[in-house]
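Quick look at final39.cif (mmCIF, C-alpha atoms):
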data_coords
#
loop_
_atom_site.group_PDB
_atom_site.id
_atom_site.type_symbol
_atom_site.label_atom_id
_atom_site.label_comp_id
_atom_site.auth_asym_id
_atom_site.auth_seq_id
_atom_site.Cartn_x
_atom_site.Cartn_y
_atom_site.Cartn_z
ATOM 1 C CA MET B 16 -4.431 12.952 -12.482
ATOM 2 C CA GLU B 17 -4.301 14.822 -9.219
ATOM 3 C CA ASN B 18 -7.781 13.625 -8.263
ATOM 4 C CA SER B 19 -6.820 9.966 -8.502
ATOM 5 C CA LEU B 20 -3.652 10.639 -6.503
ATOM 6 C CA LEU B 21 -5.742 12.360 -3.861
ATOM 7 C CA LYS B 22 -8.131 9.407 -3.866
ATOM 8 C CA ARG B 23 -5.220 7.024 -3.355
ATOM 9 C CA LEU B 24 -3.808 9.173 -0.591
ATOM 10 C CA GLY B 25 -7.271 9.412 0.943
ATOM 11 C CA SER B 26 -7.764 5.668 0.871
ATOM 12 C CA PHE B 27 -4.262 5.297 2.264
ATOM 13 C CA SER B 28 -5.155 7.384 5.291
ATOM 14 C CA LYS B 29 -8.621 5.845 5.605
ATOM 15 C CA LYS B 30 -7.093 2.398 5.969
ATOM 16 C CA LYS B 31 -5.433 3.780 9.094
ATOM 17 C CA GLU B 32 -2.017 2.871 7.815
ATOM 18 C CA SER B 33 0.167 5.056 9.925
ATOM 19 C CA LYS B 34 3.342 3.966 8.160
ATOM 20 C CA LEU B 35 5.084 6.778 6.354
ATOM 21 C CA TYR B 36 7.740 4.350 5.150
ATOM 22 C CA ILE B 37 7.383 0.815 3.834
ATOM 23 C CA SER B 38 10.047 -1.805 3.313
ATOM 24 C CA GLN B 39 11.546 -2.503 -0.084
ATOM 25 C CA TYR B 40 9.849 -5.916 -0.039
ATOM 26 C CA GLN B 41 6.415 -4.351 0.535
ATOM 27 C CA ALA B 42 7.049 -1.647 -2.081
ATOM 28 C CA CYS B 43 7.984 -4.274 -4.675
ATOM 29 C CA LYS B 44 4.985 -6.383 -3.732
ATOM 30 C CA ARG B 45 2.558 -3.452 -4.110
ATOM 31 C CA PHE B 46 4.051 -1.609 -7.092
ATOM 32 C CA GLY B 47 6.194 -4.196 -8.877
ATOM 33 C CA ARG B 48 9.916 -4.702 -8.558
ATOM 34 C CA SER B 49 10.808 -3.271 -11.966
ATOM 35 C CA ASN B 50 8.775 -0.120 -11.284
ATOM 36 C CA VAL B 51 10.411 0.457 -7.894
ATOM 37 C CA GLU B 52 13.892 -0.062 -9.347
ATOM 38 C CA ARG B 53 13.171 2.246 -12.306
ATOM 39 C CA TRP B 54 11.777 4.990 -10.053
ATOM 40 C CA LYS B 55 14.769 4.676 -7.737
ATOM 41 C CA LYS B 56 17.245 4.870 -10.630
ATOM 42 C CA SER B 57 15.499 7.891 -12.163
ATOM 43 C CA GLY B 58 15.364 9.714 -8.805
ATOM 44 C CA LYS B 59 11.569 9.739 -8.456
ATOM 45 C CA ILE B 60 11.838 7.937 -5.125
ATOM 46 C CA LYS B 61 14.624 7.953 -2.584
ATOM 47 C CA ALA B 62 15.798 4.899 -0.670
ATOM 48 C CA HIS B 63 16.171 5.322 3.075
ATOM 49 C CA TYR B 64 18.598 2.890 4.642
ATOM 50 C CA LYS B 65 17.723 1.543 8.039
ATOM 51 C CA GLY B 66 20.846 -0.160 9.264
ATOM 52 C CA LYS B 67 23.124 -1.949 6.820
ATOM 53 C CA ARG B 68 20.629 -4.076 4.923
ATOM 54 C CA ASN B 69 17.111 -2.725 5.418
ATOM 55 C CA ILE B 70 15.826 -0.326 2.782
ATOM 56 C CA GLU B 71 12.610 1.666 3.121
ATOM 57 C CA PHE B 72 10.715 4.007 0.809
ATOM 58 C CA LYS B 73 8.391 6.889 1.601
ATOM 59 C CA MET B 74 4.815 5.875 0.793
ATOM 60 C CA THR B 75 3.850 9.289 -0.593
ATOM 61 C CA GLU B 76 6.790 9.206 -3.043
ATOM 62 C CA LEU B 77 5.768 5.736 -4.229
ATOM 63 C CA LEU B 78 2.169 6.809 -4.781
ATOM 64 C CA ARG B 79 3.260 9.937 -6.641
ATOM 65 C CA ALA B 80 5.606 7.927 -8.891
ATOM 66 C CA ALA B 81 2.865 5.350 -9.572
ATOM 67 C CA GLU B 82 0.476 8.103 -10.584
ATOM 68 C CA ASN B 83 2.667 9.385 -13.437
ATOM 69 C CA GLN B 84 1.963 8.053 -16.919
ATOM 70 C CA GLN B 85 4.923 6.045 -18.194
ATOM 71 C CA ASP B 86 6.396 6.474 -21.663
ATOM 72 C CA TYR B 87 7.899 3.275 -22.991
ATOM 73 C CA GLU B 88 10.194 3.066 -25.994
ATOM 74 C CA LEU B 89 9.827 0.079 -28.261
#
Would you write out, as structure tokens, the structure that this file holds?
Amino acid sequence: MENSLLKRLGSFSKKKESKLYISQYQACKRFGRSNVERWKKSGKIKAHYKGKRNIEFKMTELLRAAENQQDYEL
């Protein structure tokens, strides 16, 4: 698991994306709205408020949360 996370982080830095934080819109677009909301509710990622209405997430937290295998109850 750690290798694929490192690969993602490596490709993240190779793309020369210097953003440590991405907007909630971009996070939902990349990782899926339900995933972002679930991770936020469970405490895996922390929302950073920029002003009254703008919410940002740390990219490394998003990648780490996406790396974890999800257990779904039926």
Protein, DNA and RNA residues within 12 Å of (16.2, 0.5, -8.5), only C-alpha atoms, as a ChimeraX atom specification: /B:39,42-43,47-62,70,72
Which residue gives the smallest distance to Lys34 in chain B among B:Lys73, B:Arg68, B:Arg79, B:Gln84, with only C-alpha atoms counted?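 Ranked by minimum distance to Lys34 in chain B, first place goes to B:Lys73.
As for CA of Leu77 in chain B and CA of Tyr40 in chain B, they are spaced 13.0 Å apart.
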To one decimal place in Å, what is the distance between CA of Ala80 in chain B and CA of His63 in chain B? 16.2 Å
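Pairwise distance (CA of Gln85 in chain B, CA of Gln41 in chain B) equals 21.5 Å.
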Any chance you could resolve the PyMOL selection byres ((chain B and resi 37) around 6) against this file and give the residues as a PyMOL selection string? chain B and resi 36+38+71-72
